[in-house]
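Novice: Contents are mmCIF, C-alpha atoms (C1' of nucleotides); file name data25.cif:
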```
data_structure
#
loop_
_atom_site.label_atom_id
_atom_site.label_comp_id
_atom_site.auth_asym_id
_atom_site.auth_seq_id
_atom_site.Cartn_x
_atom_site.Cartn_y
_atom_site.Cartn_z
CA MET O 70 217.00 144.76 74.36
CA ASN O 71 217.49 147.86 76.49
CA GLU O 72 215.07 146.73 79.11
CA ALA O 73 216.51 149.19 81.58
CA ARG O 74 215.95 152.21 79.36
CA GLY O 75 213.21 153.61 77.16
CA PRO O 76 209.54 154.11 77.88
CA ASN O 77 209.03 150.51 78.90
CA ARG O 78 211.51 150.23 81.69
CA HIS O 79 210.20 148.59 84.81
CA SER O 80 211.32 148.09 88.35
CA GLY O 81 210.77 144.38 88.90
CA GLU O 82 210.67 141.02 87.15
CA SER O 83 206.90 140.96 87.40
CA LEU O 84 206.41 143.33 84.47
CA LEU O 85 208.90 141.74 82.10
CA PHE O 86 205.99 140.32 80.13
CA LEU O 87 204.82 143.79 79.19
CA THR O 88 207.86 145.05 77.28
CA ASP O 89 207.36 145.98 73.64
CA ASP O 90 209.49 143.04 72.59
CA GLN O 91 207.45 140.64 74.63
CA LEU O 92 204.25 142.05 73.19
CA ARG O 93 205.65 141.84 69.68
CA GLN O 94 206.49 138.23 70.34
CA GLY O 95 202.93 137.60 71.45
CA ILE O 96 201.63 139.21 68.27
CA GLU O 97 203.79 136.95 66.13
CA ALA O 98 202.76 133.93 68.19
CA MET O 99 199.11 134.75 67.46
CA PHE O 100 199.86 135.09 63.76
CA PHE O 101 201.72 131.80 63.41
CA ALA O 102 199.41 129.89 65.73
CA TYR O 103 196.32 131.02 63.85
CA ARG O 104 197.87 129.69 60.66
CA GLY O 105 198.28 126.31 62.33
CA PHE O 106 194.84 126.55 63.83
CA THR O 107 193.19 126.80 60.40
CA ALA O 108 195.59 124.63 58.43
CA ASP O 109 193.98 121.20 58.97
CA PRO O 110 190.36 122.10 58.20
CA ASP O 111 191.54 124.24 55.27
CA ARG O 112 193.08 121.17 53.67
CA ILE O 113 189.83 119.24 53.98
CA LEU O 114 187.76 122.17 52.71
CA ALA O 115 189.94 122.67 49.65
CA ASP O 116 188.97 119.23 48.33
CA LEU O 117 185.29 120.10 48.62
CA SER O 118 185.60 123.55 47.04
CA TYR O 119 184.46 125.03 50.31
CA GLY O 120 186.27 127.75 52.23
CA ARG O 121 186.78 128.88 55.79
CA ALA O 122 183.48 130.75 55.64
CA HIS O 123 181.61 127.47 55.14
CA HIS O 124 183.45 125.93 58.05
CA ARG O 125 182.55 128.79 60.33
CA ALA O 126 178.88 128.55 59.38
CA LEU O 127 178.83 124.79 59.95
CA HIS O 128 180.61 125.19 63.27
CA PHE O 129 178.21 127.69 64.74
CA ILE O 130 175.05 126.07 63.38
CA ASN O 131 176.24 122.84 64.94
CA GLY O 132 176.89 124.61 68.23
CA ALA O 133 173.48 126.25 68.30
CA PRO O 134 171.03 124.21 66.19
CA GLY O 135 167.95 126.17 65.17
CA THR O 136 169.76 129.48 65.30
CA THR O 137 168.38 132.20 63.06
CA VAL O 138 170.19 133.86 60.19
CA ASN O 139 170.41 137.14 62.08
CA ASN O 140 171.93 135.37 65.04
CA LEU O 141 174.56 133.75 62.90
CA LEU O 142 175.25 137.09 61.27
CA ARG O 143 176.05 138.66 64.61
CA ILE O 144 178.30 135.82 65.66
CA LEU O 145 180.25 135.70 62.42
CA GLY O 146 180.45 139.46 62.04
CA VAL O 147 179.81 139.54 58.31
CA THR O 148 177.10 141.06 56.14
CA LYS O 149 174.03 139.07 55.25
CA GLN O 150 175.00 139.17 51.58
CA SER O 151 178.28 137.53 52.42
CA LEU O 152 176.73 134.90 54.66
CA ASN O 153 173.91 134.28 52.21
CA ARG O 154 176.27 133.18 49.49
CA VAL O 155 177.87 130.62 51.77
CA LEU O 156 174.58 129.50 53.29
CA ARG O 157 173.02 129.16 49.84
CA THR O 158 175.64 126.64 48.71
CA LEU O 159 175.42 124.71 51.97
CA ILE O 160 171.63 124.46 51.68
CA ASP O 161 171.81 123.54 47.98
CA ASP O 162 174.38 120.87 48.79
CA GLY O 163 172.15 119.41 51.47
CA MET O 164 174.46 120.28 54.35
CA VAL O 165 172.13 122.75 56.05
CA GLU O 166 168.37 122.81 56.40
CA SER O 167 166.49 126.08 56.70
CA ARG O 168 163.11 125.87 58.42
CA VAL O 169 160.57 128.67 58.58
CA GLY O 170 160.02 129.80 62.17
CA ARG O 171 156.89 128.63 63.95
CA ALA O 172 156.36 131.57 66.27
CA ASP O 173 157.76 134.11 63.83
CA LYS O 174 157.43 133.06 60.24
CA ARG O 175 159.88 135.68 59.03
CA GLU O 176 162.70 133.87 60.71
CA ARG O 177 164.58 130.92 59.25
CA HIS O 178 165.98 128.41 61.70
CA LEU O 179 169.13 126.64 60.61
CA PHE O 180 170.01 123.00 61.23
CA LEU O 181 172.70 120.67 60.00
CA THR O 182 171.52 117.68 57.99
CA GLU O 183 173.13 114.30 58.60
CA GLN O 184 175.51 115.06 55.79
CA GLY O 185 176.29 118.47 57.25
CA LEU O 186 176.80 116.97 60.65
CA ALA O 187 179.25 114.45 59.19
CA LEU O 188 181.26 117.19 57.49
CA GLU O 189 181.27 119.35 60.59
CA GLN O 190 182.52 116.37 62.56
CA LYS O 191 185.28 115.72 60.06
CA LEU O 192 186.40 119.35 60.15
CA SER O 193 186.21 119.81 63.87
CA ASP O 194 187.89 116.44 64.49
CA ALA O 195 190.90 117.74 62.61
CA GLN O 196 190.86 121.05 64.44
CA ARG O 197 190.27 119.48 67.83
CA ALA O 198 193.09 117.00 67.26
CA ARG O 199 195.56 119.85 66.90
CA MET O 200 194.02 121.65 69.85
CA ARG O 201 194.21 118.50 71.94
CA ASP O 202 197.86 117.94 71.08
CA ALA O 203 198.68 121.53 71.92
CA TYR O 204 196.76 121.36 75.21
CA ARG O 205 198.41 118.10 76.12
CA ALA O 206 201.86 119.40 75.33
CA ALA O 207 201.32 122.59 77.29
CA GLY O 208 199.48 121.20 80.29
CA PRO O 209 196.36 122.28 82.18
CA GLU O 210 197.82 125.35 83.82
CA ALA O 211 199.03 126.70 80.50
CA VAL O 212 195.58 126.05 79.02
CA ALA O 213 193.95 128.06 81.77
CA GLY O 214 196.31 130.95 81.04
CA PHE O 215 195.77 130.59 77.31
CA LYS O 216 192.02 131.00 77.69
CA LYS O 217 192.41 133.84 80.12
CA VAL O 218 194.54 135.89 77.73
CA LEU O 219 192.39 135.10 74.69
CA GLU O 220 189.29 136.18 76.52
CA ALA O 221 190.90 139.42 77.60
CA MET O 222 191.87 140.05 73.98
CA MET O 223 188.30 139.94 72.65
CA ASP O 224 186.13 142.96 72.02
CA THR O 225 183.52 143.40 74.72
CA ASP O 226 180.61 142.43 72.51
CA LEU O 227 182.44 139.39 71.15
CA ARG O 228 183.27 138.31 74.68
CA LYS O 229 179.57 138.42 75.50
CA GLN O 230 178.76 136.22 72.52
CA TYR O 231 181.52 133.84 73.50
CA HIS O 232 180.01 133.47 76.95
CA ALA O 233 176.48 133.21 75.58
CA LEU O 234 177.58 130.28 73.44
CA ARG O 235 179.10 128.55 76.42
CA GLU O 236 175.99 129.00 78.50
CA GLY O 237 173.84 127.66 75.71
CA ARG O 238 175.73 124.41 75.89
CA GLU O 239 175.51 123.82 79.59
CA MET Q 1132 177.62 117.71 79.70
CA ASN Q 1133 177.78 113.99 80.28
CA GLU Q 1134 181.37 114.04 81.27
CA ALA Q 1135 181.06 110.60 82.81
CA ARG Q 1136 179.93 108.96 79.58
CA GLY Q 1137 180.89 109.00 75.93
CA PRO Q 1138 184.29 108.61 74.31
CA ASN Q 1139 185.80 111.46 76.28
CA ARG Q 1140 185.19 110.29 79.80
CA HIS Q 1141 188.15 110.62 82.08
CA SER Q 1142 189.09 109.55 85.54
CA GLY Q 1143 190.40 112.73 87.15
CA GLU Q 1144 190.07 116.49 87.14
CA SER Q 1145 193.48 116.81 85.51
CA LEU Q 1146 192.16 115.91 82.05
CA LEU Q 1147 189.03 118.02 82.13
CA PHE Q 1148 190.68 120.43 79.75
CA LEU Q 1149 190.76 117.79 77.03
CA THR Q 1150 187.06 117.05 76.66
CA ASP Q 1151 185.51 117.80 73.28
CA ASP Q 1152 183.51 120.63 74.81
CA GLN Q 1153 186.59 122.17 76.32
CA LEU Q 1154 188.42 121.91 73.02
CA ARG Q 1155 185.46 123.41 71.18
CA GLN Q 1156 185.53 126.28 73.62
CA GLY Q 1157 189.21 126.80 72.90
CA ILE Q 1158 188.49 126.86 69.17
CA GLU Q 1159 185.85 129.53 69.63
CA ALA Q 1160 188.15 131.50 71.90
CA MET Q 1161 190.78 131.52 69.15
CA PHE Q 1162 188.21 132.68 66.61
CA PHE Q 1163 186.85 135.54 68.69
CA ALA Q 1164 190.23 136.58 70.04
CA TYR Q 1165 191.75 136.74 66.56
CA ARG Q 1166 188.95 139.07 65.54
CA GLY Q 1167 189.88 141.36 68.40
CA PHE Q 1168 193.55 140.95 67.64
CA THR Q 1169 193.16 142.36 64.13
CA ALA Q 1170 190.37 144.85 64.80
CA ASP Q 1171 192.44 147.89 65.81
CA PRO Q 1172 195.01 147.86 63.00
CA ASP Q 1173 192.23 147.03 60.53
CA ARG Q 1174 190.48 150.27 61.40
CA ILE Q 1175 193.64 152.28 60.77
CA LEU Q 1176 194.38 150.43 57.53
CA ALA Q 1177 190.90 151.04 56.16
CA ASP Q 1178 191.50 154.79 56.13
CA LEU Q 1179 194.66 154.33 54.09
CA SER Q 1180 193.19 151.88 51.57
CA TYR Q 1181 195.64 149.30 52.82
CA GLY Q 1182 194.74 145.83 54.04
CA ARG Q 1183 195.99 143.25 56.48
CA ALA Q 1184 198.50 142.03 53.93
CA HIS Q 1185 200.21 145.42 53.96
CA HIS Q 1186 200.33 145.39 57.73
CA ARG Q 1187 201.94 141.94 57.78
CA ALA Q 1188 204.57 142.99 55.28
CA LEU Q 1189 205.38 146.14 57.26
CA HIS Q 1190 205.52 144.19 60.49
CA PHE Q 1191 208.00 141.60 59.33
CA ILE Q 1192 210.17 144.01 57.36
CA ASN Q 1193 210.38 146.12 60.49
CA GLY Q 1194 211.30 143.10 62.57
CA ALA Q 1195 214.04 141.99 60.20
CA PRO Q 1196 215.28 144.99 58.20
CA GLY Q 1197 217.12 144.01 55.05
CA THR Q 1198 215.24 140.75 54.68
CA THR Q 1199 214.92 139.41 51.15
CA VAL Q 1200 211.68 138.93 49.25
CA ASN Q 1201 212.06 135.16 49.39
CA ASN Q 1202 212.54 135.30 53.11
CA LEU Q 1203 209.39 137.33 53.56
CA LEU Q 1204 207.56 134.92 51.28
CA ARG Q 1205 208.38 132.03 53.55
CA ILE Q 1206 207.34 133.87 56.68
CA LEU Q 1207 204.05 135.11 55.27
CA GLY Q 1208 203.21 131.89 53.49
CA VAL Q 1209 201.85 133.48 50.32
CA THR Q 1210 202.88 133.37 46.68
CA LYS Q 1211 205.38 135.86 45.33
CA GLN Q 1212 202.73 137.24 42.98
CA SER Q 1213 200.49 137.98 45.92
CA LEU Q 1214 203.25 139.54 47.98
CA ASN Q 1215 204.55 141.46 45.00
CA ARG Q 1216 201.30 143.32 44.54
CA VAL Q 1217 201.32 144.43 48.16
CA LEU Q 1218 205.01 145.23 48.13
CA ARG Q 1219 204.63 147.18 44.90
CA THR Q 1220 202.11 149.57 46.43
CA LEU Q 1221 204.19 149.97 49.58
CA ILE Q 1222 207.29 150.78 47.52
CA ASP Q 1223 205.36 153.15 45.23
CA ASP Q 1224 203.91 154.90 48.27
CA GLY Q 1225 207.37 155.35 49.75
CA MET Q 1226 206.78 153.07 52.72
CA VAL Q 1227 209.30 150.43 51.76
CA GLU Q 1228 212.67 150.66 50.08
CA SER Q 1229 213.99 147.79 47.98
CA ARG Q 1230 217.77 147.67 47.64
CA VAL Q 1231 219.62 145.40 45.25
CA GLY Q 1232 221.79 142.92 47.14
CA ARG Q 1233 225.51 143.61 47.33
CA ALA Q 1234 226.75 140.05 47.57
CA ASP Q 1235 223.99 138.63 45.40
CA LYS Q 1236 222.57 141.20 43.06
CA ARG Q 1237 219.53 139.09 42.28
CA GLU Q 1238 218.23 139.57 45.76
CA ARG Q 1239 216.28 142.59 46.92
CA HIS Q 1240 216.71 143.69 50.50
CA LEU Q 1241 213.70 145.36 52.03
CA PHE Q 1242 213.74 148.28 54.45
CA LEU Q 1243 211.13 150.58 55.88
CA THR Q 1244 211.45 154.25 55.01
CA GLU Q 1245 210.83 156.83 57.71
CA GLN Q 1246 207.26 157.05 56.52
CA GLY Q 1247 206.92 153.26 56.57
CA LEU Q 1248 208.40 153.13 60.03
CA ALA Q 1249 205.91 155.69 61.23
CA LEU Q 1250 202.99 153.71 59.83
CA GLU Q 1251 204.30 150.46 61.26
CA GLN Q 1252 204.59 152.15 64.63
CA LYS Q 1253 201.07 153.45 64.45
CA LEU Q 1254 199.71 150.02 63.55
CA SER Q 1255 201.71 148.06 66.06
CA ASP Q 1256 201.03 150.61 68.79
CA ALA Q 1257 197.35 149.86 68.40
CA GLN Q 1258 197.91 146.12 68.36
CA ARG Q 1259 200.34 146.19 71.26
CA ALA Q 1260 197.96 148.31 73.33
CA ARG Q 1261 195.32 145.61 73.14
CA MET Q 1262 197.92 142.94 73.79
CA ARG Q 1263 199.22 144.86 76.78
CA ASP Q 1264 195.75 145.28 78.25
CA ALA Q 1265 195.04 141.58 77.79
CA TYR Q 1266 198.37 140.61 79.33
CA ARG Q 1267 197.85 142.96 82.24
CA ALA Q 1268 194.33 141.68 82.86
CA ALA Q 1269 195.41 138.05 82.70
CA GLY Q 1270 198.69 138.28 84.60
CA PRO Q 1271 202.19 136.92 83.97
CA GLU Q 1272 201.40 133.28 84.66
CA ALA Q 1273 198.51 133.29 82.23
CA VAL Q 1274 200.75 134.94 79.63
CA ALA Q 1275 203.30 132.16 80.00
CA GLY Q 1276 200.58 129.57 79.45
CA PHE Q 1277 199.16 131.54 76.54
CA LYS Q 1278 202.48 131.47 74.73
CA LYS Q 1279 203.06 127.84 75.55
CA VAL Q 1280 199.78 126.74 74.01
CA LEU Q 1281 200.14 129.00 70.97
CA GLU Q 1282 203.58 127.65 70.28
CA ALA Q 1283 202.36 124.07 70.55
CA MET Q 1284 199.61 124.90 68.07
CA MET Q 1285 202.00 126.01 65.32
CA ASP Q 1286 203.13 123.84 62.43
CA THR Q 1287 206.69 122.61 62.93
CA ASP Q 1288 208.14 124.80 60.18
CA LEU Q 1289 206.26 127.86 61.38
CA ARG Q 1290 207.50 127.26 64.91
CA LYS Q 1291 211.06 127.25 63.56
CA GLN Q 1292 210.48 130.58 61.85
CA TYR Q 1293 208.92 131.98 65.00
CA HIS Q 1294 212.04 131.02 66.95
CA ALA Q 1295 214.36 132.28 64.24
CA LEU Q 1296 212.68 135.70 64.43
CA ARG Q 1297 213.13 135.80 68.19
CA GLU Q 1298 216.79 134.88 67.94
CA GLY Q 1299 217.36 137.51 65.30
CA ARG Q 1300 216.25 140.16 67.79
CA GLU Q 1301 218.45 139.13 70.66
"C1'" DT P 1338 228.52 128.48 28.30
"C1'" DT P 1339 224.74 126.62 29.83
"C1'" DG P 1340 221.56 125.53 33.46
"C1'" DG P 1341 219.20 126.90 37.36
"C1'" DA P 1342 217.85 130.16 40.92
"C1'" DA P 1343 215.95 134.69 42.48
"C1'" DT P 1344 213.16 138.18 41.21
"C1'" DG P 1345 209.70 140.54 38.84
"C1'" DT P 1346 205.77 141.09 35.73
"C1'" DC P 1347 201.49 140.17 33.02
"C1'" DA P 1348 197.10 138.03 32.78
"C1'" DA P 1349 193.24 135.62 34.40
"C1'" DC P 1350 190.61 133.94 38.02
"C1'" DA P 1351 188.16 132.81 42.59
"C1'" DA P 1352 186.82 133.33 47.40
"C1'" DG P 1353 185.10 136.18 50.46
"C1'" DA P 1354 184.47 140.34 52.23
"C1'" DC P 1355 182.05 145.02 51.35
"C1'" DT P 1356 178.14 148.75 49.98
"C1'" DG P 1357 173.76 150.06 48.25
"C1'" DA P 1358 169.25 149.35 46.57
"C1'" DC P 1359 165.34 146.68 46.45
"C1'" DT P 1360 161.58 142.95 47.30
"C1'" DT P 1361 158.79 140.01 50.04
"C1'" DA P 1362 156.56 138.56 54.00
"C1'" DA P 1363 155.37 138.90 58.60
"C1'" DA P 1364 155.12 141.14 62.86
"C1'" DA P 1365 154.62 145.11 65.65
"C1'" DT P 1366 152.91 149.51 66.49
"C1'" DC P 1367 150.16 153.41 66.12
"C1'" DG E 695 143.19 148.95 59.67
"C1'" DA E 696 147.10 151.40 58.04
"C1'" DT E 697 151.81 152.17 58.68
"C1'" DT E 698 156.25 151.07 60.09
"C1'" DT E 699 159.71 147.94 61.32
"C1'" DT E 700 162.03 143.62 61.06
"C1'" DA E 701 163.96 139.23 58.89
"C1'" DA E 702 165.41 137.32 55.08
"C1'" DG E 703 166.74 137.11 50.48
"C1'" DT E 704 168.45 138.98 46.09
"C1'" DC E 705 170.85 141.77 42.42
"C1'" DA E 706 174.64 144.42 41.07
"C1'" DG E 707 179.06 146.17 41.60
"C1'" DT E 708 183.57 146.72 44.04
"C1'" DC E 709 187.80 145.54 46.69
"C1'" DT E 710 191.45 142.75 48.82
"C1'" DT E 711 193.95 138.95 48.85
"C1'" DG E 712 194.83 134.84 47.58
"C1'" DT E 713 195.62 131.41 43.53
"C1'" DT E 714 197.93 129.46 38.55
"C1'" DG E 715 200.44 129.80 34.61
"C1'" DA E 716 203.60 131.86 31.49
"C1'" DC E 717 207.47 134.46 30.66
"C1'" DA E 718 211.66 137.86 31.00
"C1'" DT E 719 215.68 139.28 33.29
"C1'" DT E 720 219.64 138.87 35.82
"C1'" DC E 721 223.32 136.53 37.58
"C1'" DC E 722 225.64 132.71 40.05
"C1'" DA E 723 227.88 128.37 39.54
"C1'" DA E 724 228.94 123.98 37.63
#
```
Represent the structure contained in this file as structure tokens.
Specialist:
Amino acid sequence: MNEARGPNRHSGESLLFLTDDQLRQGIEAMFFAYRGFTADPDRILADLSYGRAHHRALHFINGAPGTTVNNLLRILGVTKQSLNRVLRTLIDDGMVESRVGRADKRERHLFLTEQGLALEQKLSDAQRARMRDAYRAAGPEAVAGFKKVLEAMMDTDLRKQYHALREGRE
Amino acid sequence: MNEARGPNRHSGESLLFLTDDQLRQGIEAMFFAYRGFTADPDRILADLSYGRAHHRALHFINGAPGTTVNNLLRILGVTKQSLNRVLRTLIDDGMVESRVGRADKRERHLFLTEQGLALEQKLSDAQRARMRDAYRAAGPEAVAGFKKVLEAMMDTDLRKQYHALREGRE
DNA sequence: TTGGAATGTCAACAAGACTGACTTAAAATC
DNA sequence: GATTTTAAGTCAGTCTTGTTGACATTCCAA
């Protein structure tokens, strides 16, 4: 509405995607998409009396086996008290194993047990299935754009961690 | 790794974006990007002893002035008790006005007050600024792909609501 | 007029985040 | 060798935001 007036007027078609309405639409798309993004694992977790926090821990321990508690803390962006509660239940339930560091005995290195690996698989299968369907429906070019925008949306330090994770897997 | 073996092997480059590793990367991108997405308004809200729930309510009331409580309930996907608590504080603080319906007096129509409008502006300015920077950095084609994938990721009913909101603004 | 729908309220509860203070053990530094 | 710093864990308390369940009110409609 009123694209020719107001502070967001623009000369050519090329900037249409930067109007307030377009940005607002993007914000709502993020909101609704994130709901979908978490919906499938949330359903599985509810039956196990686990929450999203447990999923996140499982996900990142799986992605970087042997990671330390401090490392995980940085990635998840929560306090150690908050993570500890979640980690405690996962260790008690035999999903995660905590091994004292060899070089530095203060550190605890975290690993998924077979059981933990199975749960992580189950959760990420559900999440990947939705991701796969969305990717397939949108096509490879859209996926490239999707990642490009998401990456640009991250905080600088989070973007670094995102890249560090990728490199660790190569 | 091992793209030529395993259950996710593929014949051509065109499907590279559907490997488990690629999907995992997309999942992490969503996680980190959503953190960035909420970071700026969260900082503003913290000073006002409001939370994300207040922001969401303000956002959607602003986008559809006069909406009913039930309507908002559907969009936000929370229980009325949960919304009511948030709405109560916003009404008490003079951010939101609740008017009894004219046609149906059971319904309450929700509007932002001037003060509420100002706060919503402040919050969405911060969020839009990040969105704008990300859009600008990624370019219009990437933005188109971004929206395409996000939309495909939504639940069917949420996608309908997303479209309904867009149509309401035209 | 009676049933059902929309709204609101009270109470209780849980997950998951937070802060702050403190301990233990080990490593690093002076 | 003594001191400081770091990593992890723990205890206690708080806050937000979500949940159920029960119940009252109002009002539309069959």
Novice: Once the PyMOL selection byres ((chain Q) within 7 of (chain O)) is applied to the coordinates I shared, what remains selected? I want it as a ChimeraX atom specification.
Specialist: /Q:1132,1148-1149,1154,1157,1160-1161,1163-1164,1167-1168,1259,1261-1263,1265-1266,1268-1269,1271-1286,1289,1301
Novice: With all atoms listed in the file as the counted atoms, please give the residues lying no more than 10 Å from DG1353 (chain P), apart from itself and same-chain residues fewer than 6 positions off, as an MDAnalysis selection string.
Specialist: (chainID O and resid 120:122 151:152 154:155) or (chainID E and resid 710:711)
Novice: Expand the PyMOL selection byres ((chain P) within 9 of (chain Q)) into the individual residues it matches in the shown file, reporting them as a list of chain:residue names.
Specialist: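 Taken over the shown coordinates, the PyMOL selection byres ((chain P) within 9 of (chain Q)) returns P:DA1343, P:DT1344, P:DG1345, P:DT1346.
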Novice: Per residue of chain E within 12 Å of chain Q, record the nearest atom pair and its distance in Å to one decimal, counting all atoms listed in the file, with rows in chain order and ascending residue number, as CSV.
Specialist:
```
residue,atom,partner,partner_atom,distance
E:DC709,C1',Q:Ser1180,CA,9.6
E:DT710,C1',Q:Gly1182,CA,6.9
E:DT711,C1',Q:Ser1213,CA,7.2
E:DG712,C1',Q:Ser1213,CA,6.7
E:DT713,C1',Q:Thr1210,CA,8.2
E:DT714,C1',Q:Gln1212,CA,10.2
E:DG715,C1',Q:Gln1212,CA,11.4
E:DT719,C1',Q:Arg1237,CA,9.8
E:DT720,C1',Q:Arg1237,CA,6.5
E:DC721,C1',Q:Arg1237,CA,6.6
E:DC722,C1',Q:Asp1235,CA,8.1
```
Novice: How many Å lie between CA of His1186 (chain Q) and CA of Leu1203 (chain Q), rounded to one decimal?
Specialist: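 Separating CA of His1186 (chain Q) from CA of Leu1203 (chain Q) is a distance of 12.8 Å.
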Novice: Hey, can you check how far CA of Leu1218 (chain Q) sits from C1' of DA1342 (chain P)?
Specialist: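 Separation between CA of Leu1218 (chain Q) and C1' of DA1342 (chain P): 21.1 Å.
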Novice: Name the closest residue to DC1355 (chain P) among the candidates E:DT708, E:DA724, E:DA701, E:DC717; distances are taken between atoms, counting all atoms listed in the file.
Specialist: E:DT708
Novice: I need the residue nearest DT700 (chain E) from this list: P:DA1348, P:DC1359, P:DA1354, P:DA1364. Use only C-alpha atoms (C1' of nucleotides) for the distance.
Specialist: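 Comparing P:DA1348, P:DC1359, P:DA1354, P:DA1364 against DT700 (chain E), the winner is P:DA1364.
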